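S.K.: Take a look at this one; I'll ask things after.
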Amino acid sequence: LLPFLNVFGLLGRIEGETTVNLAPFFSDLAVEYDGVVYGAGVTCAAGVGRYFGSLTATYTDTSLDTSDSSVEAWVLSPKVGMTAHARGGHPIVFWVGAMYQEADEEHQGDITVPVFGDVRYDVLLEEKDPWNYLVGLSTALGEHMSLELEGGLGDRTQLTGSLGWRF
């Protein structure tokens, strides 16, 4: 949109499992889910020479198909990094950062529990620790296409990959 501002949309797939502790009387309850993630966001960035800083804000909503569940999330991600030049190829960008995630996650459905049979559940979840650390890299695959990999470390872990197309 502007030299320092990118606006984007996203579409993806999610598979996950949420474990609910029912101790001391029962074993944990595992709720598996999968579905489609869609959303939008904005990135503001600035740099000097090979070094840069950025701040990304993203809103996502998830349509889950395994139960009557929903997940909405706001994510804020500050990063600092640098660009290195690969031999005879495209630049490679490395960064470190952090991620704040505020998710409204509600799972509803029926599950079979030993002794009780089918039990209706309605669980509202929130983050134990909304912050985690990030490391990542990206490279151009041509004039308009790029590949990005990012991993989250700490109490919450994730691995994200994306293939981007710029106009």
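Every chain in the structure tokens takes a letter, A first, then B, and so on in the order presented; its residues are numbered from 1, and the ligands are numbered from 1 following the presented order.
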Extract, using only C-alpha atoms, all DNA, RNA and protein residues at most 9 Å from Ile111 (chain A), discarding same-chain residues fewer than 2 positions from it, and format them as a list in words.
M.R.: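 Neighbouring residues, sequence-local ones excluded: Leu29, Val31, Gly109, Val113, Gly117, Asp118, Val119, Arg120 and Tyr121 of chain A.
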S.K.: Let's see if you can do this: from backbone DSSP, list all strand (DSSP E) residues in chain A, as a ChimeraX atom specification.
M.R.: /A:5-20,29-48,51-64,70-85,91-113,117-125,131-140,145-153,158-165
S.K.: Using only C-alpha atoms, find the one residue out of A:Glu17, A:Asp34, A:Glu105, A:Glu127 that sits nearest to Thr60 (chain A).
M.R.: A:Glu105
S.K.: Between A:Glu143, A:Glu32, A:Asp155, A:Glu148, which is the closest to Gly16 (chain A) once you count only C-alpha atoms?
M.R.: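 Looking only at the distances to Gly16 (chain A), the closest residue turns out to be A:Glu32.
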S.K.: Can you list, as a list in words, every protein, DNA or RNA residue that comes within 7 Å of Thr56 (chain A) when you count only C-alpha atoms, leaving out same-chain residues fewer than 2 positions away?
M.R.: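 Using only C-alpha atoms, the neighbours found are Val42, Thr43, Cys44, Ser54, Thr58, Leu76, Ser77 and Pro78 of chain A.
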S.K.: Include N, CA and C atoms and write out the residues we just selected as a short mmCIF file (atom, residue, chain, number, x, y, z; two decimals), in the first residue's frame.
M.R.:
data_model
loop_
_atom_site.label_atom_id
_atom_site.label_comp_id
_atom_site.auth_asym_id
_atom_site.auth_seq_id
_atom_site.Cartn_x
_atom_site.Cartn_y
_atom_site.Cartn_z
N VAL A 42 -2.04 -6.04 8.95
CA VAL A 42 -1.25 -4.91 8.48
C VAL A 42 0.15 -5.03 9.08
N THR A 43 1.17 -4.71 8.28
CA THR A 43 2.56 -4.68 8.75
C THR A 43 3.14 -3.31 8.49
N CYS A 44 3.74 -2.73 9.52
CA CYS A 44 4.46 -1.46 9.41
C CYS A 44 5.93 -1.78 9.61
N SER A 54 9.94 -4.35 12.41
CA SER A 54 8.57 -4.37 11.91
C SER A 54 7.60 -4.67 13.04
N THR A 58 -2.65 -8.74 13.25
CA THR A 58 -3.48 -9.62 12.44
C THR A 58 -4.73 -10.02 13.21
N LEU A 76 -0.25 -9.76 17.67
CA LEU A 76 0.66 -8.63 17.54
C LEU A 76 2.07 -9.19 17.55
N SER A 77 2.90 -8.81 16.57
CA SER A 77 4.22 -9.42 16.44
C SER A 77 5.30 -8.39 16.08
N PRO A 78 6.09 -7.94 17.08
CA PRO A 78 7.23 -7.08 16.78
C PRO A 78 8.45 -7.93 16.43
#
S.K.: Counting only C-alpha atoms, what is within 7 Å of Ala45 (chain A), bar same-chain residues fewer than 4 positions away, as number ranges by chain?
M.R.: A: 4-5, 53-55
S.K.: Store the residues picked out above in a file with N, CA, C and O atoms, as a CSV table (one decimal), in the first residue's frame.
M.R.:
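For reference, selection_30.csv as written:
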chain,number,residue,atom,x,y,z
A,4,PHE,N,6.2,1.7,3.5
A,4,PHE,CA,6.4,1.2,4.9
A,4,PHE,C,5.2,0.4,5.4
A,4,PHE,O,5.2,0.0,6.6
A,5,LEU,N,4.2,0.2,4.6
A,5,LEU,CA,2.9,-0.4,5.1
A,5,LEU,C,2.4,-1.4,4.1
A,5,LEU,O,2.2,-1.1,2.9
A,53,GLY,N,13.2,-3.3,11.4
A,53,GLY,CA,12.2,-3.6,12.4
A,53,GLY,C,10.8,-3.5,11.9
A,53,GLY,O,10.6,-2.8,10.9
A,54,SER,N,9.9,-4.3,12.4
A,54,SER,CA,8.6,-4.4,11.9
A,54,SER,C,7.6,-4.7,13.0
A,54,SER,O,8.0,-5.2,14.1
A,55,LEU,N,6.4,-4.3,12.8
A,55,LEU,CA,5.3,-4.6,13.7
A,55,LEU,C,4.1,-5.0,12.9
A,55,LEU,O,3.6,-4.3,12.0
S.K.: Residues within 7 Å of region 128-132 of chain A, please, as an MDAnalysis selection string. Count only C-alpha atoms; anything in the same chain fewer than 6 positions from it doesn't count.
M.R.: chainID A and resid 98:102 152:156
S.K.: Next, write the just-selected residues to a file, as a PDB file, in the first residue's frame, keeping N, CA, C and O atoms as the atom set.
M.R.:
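File produced: out22.pdb:
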ATOM      1  N   ALA A  98       8.906 -11.498  18.854  1.00  0.00           N
ATOM      2  CA  ALA A  98       7.981 -12.022  19.851  1.00  0.00           C
ATOM      3  C   ALA A  98       6.582 -11.997  19.245  1.00  0.00           C
ATOM      4  O   ALA A  98       6.335 -11.338  18.237  1.00  0.00           O
ATOM      5  N   MET A  99       5.679 -12.751  19.876  1.00  0.00           N
ATOM      6  CA  MET A  99       4.296 -12.775  19.423  1.00  0.00           C
ATOM      7  C   MET A  99       3.374 -12.716  20.633  1.00  0.00           C
ATOM      8  O   MET A  99       3.539 -13.471  21.583  1.00  0.00           O
ATOM      9  N   TYR A 100       2.427 -11.798  20.580  1.00  0.00           N
ATOM     10  CA  TYR A 100       1.354 -11.723  21.567  1.00  0.00           C
ATOM     11  C   TYR A 100       0.098 -12.239  20.887  1.00  0.00           C
ATOM     12  O   TYR A 100      -0.246 -11.816  19.779  1.00  0.00           O
ATOM     13  N   GLN A 101      -0.591 -13.162  21.532  1.00  0.00           N
ATOM     14  CA  GLN A 101      -1.795 -13.744  20.946  1.00  0.00           C
ATOM     15  C   GLN A 101      -2.932 -13.685  21.949  1.00  0.00           C
ATOM     16  O   GLN A 101      -2.814 -14.175  23.064  1.00  0.00           O
ATOM     17  N   GLU A 102      -4.037 -13.069  21.539  1.00  0.00           N
ATOM     18  CA  GLU A 102      -5.253 -13.036  22.357  1.00  0.00           C
ATOM     19  C   GLU A 102      -6.343 -13.748  21.573  1.00  0.00           C
ATOM     20  O   GLU A 102      -6.836 -13.234  20.570  1.00  0.00           O
ATOM     21  N   GLY A 152       7.901 -20.592  16.561  1.00  0.00           N
ATOM     22  CA  GLY A 152       7.651 -19.982  17.855  1.00  0.00           C
ATOM     23  C   GLY A 152       8.211 -20.853  18.959  1.00  0.00           C
ATOM     24  O   GLY A 152       8.061 -22.076  18.929  1.00  0.00           O
ATOM     25  N   LEU A 153       8.861 -20.234  19.934  1.00  0.00           N
ATOM     26  CA  LEU A 153       9.521 -20.939  21.027  1.00  0.00           C
ATOM     27  C   LEU A 153       8.989 -20.440  22.360  1.00  0.00           C
ATOM     28  O   LEU A 153       8.547 -19.308  22.465  1.00  0.00           O
ATOM     29  N   GLY A 154       9.067 -21.276  23.379  1.00  0.00           N
ATOM     30  CA  GLY A 154       8.606 -20.900  24.712  1.00  0.00           C
ATOM     31  C   GLY A 154       7.482 -21.823  25.147  1.00  0.00           C
ATOM     32  O   GLY A 154       7.402 -22.972  24.707  1.00  0.00           O
ATOM     33  N   ASP A 155       6.571 -21.310  25.980  1.00  0.00           N
ATOM     34  CA  ASP A 155       5.451 -22.130  26.455  1.00  0.00           C
ATOM     35  C   ASP A 155       4.470 -22.466  25.340  1.00  0.00           C
ATOM     36  O   ASP A 155       3.745 -23.442  25.413  1.00  0.00           O
ATOM     37  N   ARG A 156       4.411 -21.632  24.316  1.00  0.00           N
ATOM     38  CA  ARG A 156       3.550 -21.899  23.163  1.00  0.00           C
ATOM     39  C   ARG A 156       4.464 -22.045  21.951  1.00  0.00           C
ATOM     40  O   ARG A 156       5.267 -21.173  21.665  1.00  0.00           O
TER      41      ARG A 156
END
S.K.: Could you give me, as a VMD selection string, the residues within 7 Å of Gly41 (chain A), counting only C-alpha atoms and dropping anything in the same chain fewer than 5 positions from it?
M.R.: chain A and resid 7 to 9 57 to 59
S.K.: Write a file of the just-selected residues containing all heavy atoms, as a short mmCIF file (atom, residue, chain, number, x, y, z; two decimals), in the first residue's frame.
M.R.:
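Here's the written file part.cif:
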data_model
loop_
_atom_site.label_atom_id
_atom_site.label_comp_id
_atom_site.auth_asym_id
_atom_site.auth_seq_id
_atom_site.Cartn_x
_atom_site.Cartn_y
_atom_site.Cartn_z
N VAL A 7 -0.70 -4.28 3.61
CA VAL A 7 -2.00 -4.76 4.04
C VAL A 7 -2.20 -6.11 3.37
O VAL A 7 -1.88 -6.27 2.19
CB VAL A 7 -3.11 -3.77 3.63
CG1 VAL A 7 -4.48 -4.31 3.98
CG2 VAL A 7 -2.88 -2.42 4.28
N PHE A 8 -2.69 -7.10 4.10
CA PHE A 8 -2.79 -8.44 3.54
C PHE A 8 -4.03 -9.17 4.02
O PHE A 8 -4.62 -8.83 5.04
CB PHE A 8 -1.54 -9.27 3.85
CG PHE A 8 -1.26 -9.43 5.33
CD1 PHE A 8 -1.79 -10.50 6.03
CD2 PHE A 8 -0.47 -8.51 6.00
CE1 PHE A 8 -1.54 -10.66 7.38
CE2 PHE A 8 -0.22 -8.65 7.34
CZ PHE A 8 -0.74 -9.73 8.04
N GLY A 9 -4.40 -10.18 3.25
CA GLY A 9 -5.44 -11.12 3.62
C GLY A 9 -4.81 -12.49 3.76
O GLY A 9 -3.72 -12.73 3.23
N ALA A 57 0.09 -6.59 12.93
CA ALA A 57 -1.15 -6.85 13.66
C ALA A 57 -2.07 -7.65 12.74
O ALA A 57 -2.24 -7.28 11.57
CB ALA A 57 -1.81 -5.55 14.08
N THR A 58 -2.65 -8.74 13.25
CA THR A 58 -3.48 -9.62 12.44
C THR A 58 -4.73 -10.02 13.21
O THR A 58 -4.67 -10.30 14.41
CB THR A 58 -2.71 -10.92 12.08
OG1 THR A 58 -1.45 -10.58 11.53
CG2 THR A 58 -3.49 -11.77 11.11
N TYR A 59 -5.86 -10.05 12.50
CA TYR A 59 -7.10 -10.59 13.05
C TYR A 59 -7.46 -11.83 12.24
O TYR A 59 -7.42 -11.80 11.00
CB TYR A 59 -8.25 -9.59 12.95
CG TYR A 59 -9.58 -10.22 13.27
CD1 TYR A 59 -9.96 -10.44 14.59
CD2 TYR A 59 -10.43 -10.65 12.26
CE1 TYR A 59 -11.16 -11.06 14.88
CE2 TYR A 59 -11.64 -11.26 12.55
CZ TYR A 59 -11.99 -11.47 13.86
OH TYR A 59 -13.18 -12.08 14.16
#
S.K.: With only C-alpha atoms as the atoms that count, which of A:Gly161, A:Gly12, A:Pro3, A:Gly97 lies nearest to Gly47 (chain A)?
M.R.: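 Checking each of A:Gly161, A:Gly12, A:Pro3, A:Gly97 against Gly47 (chain A), counting only C-alpha atoms, the winner is A:Pro3.
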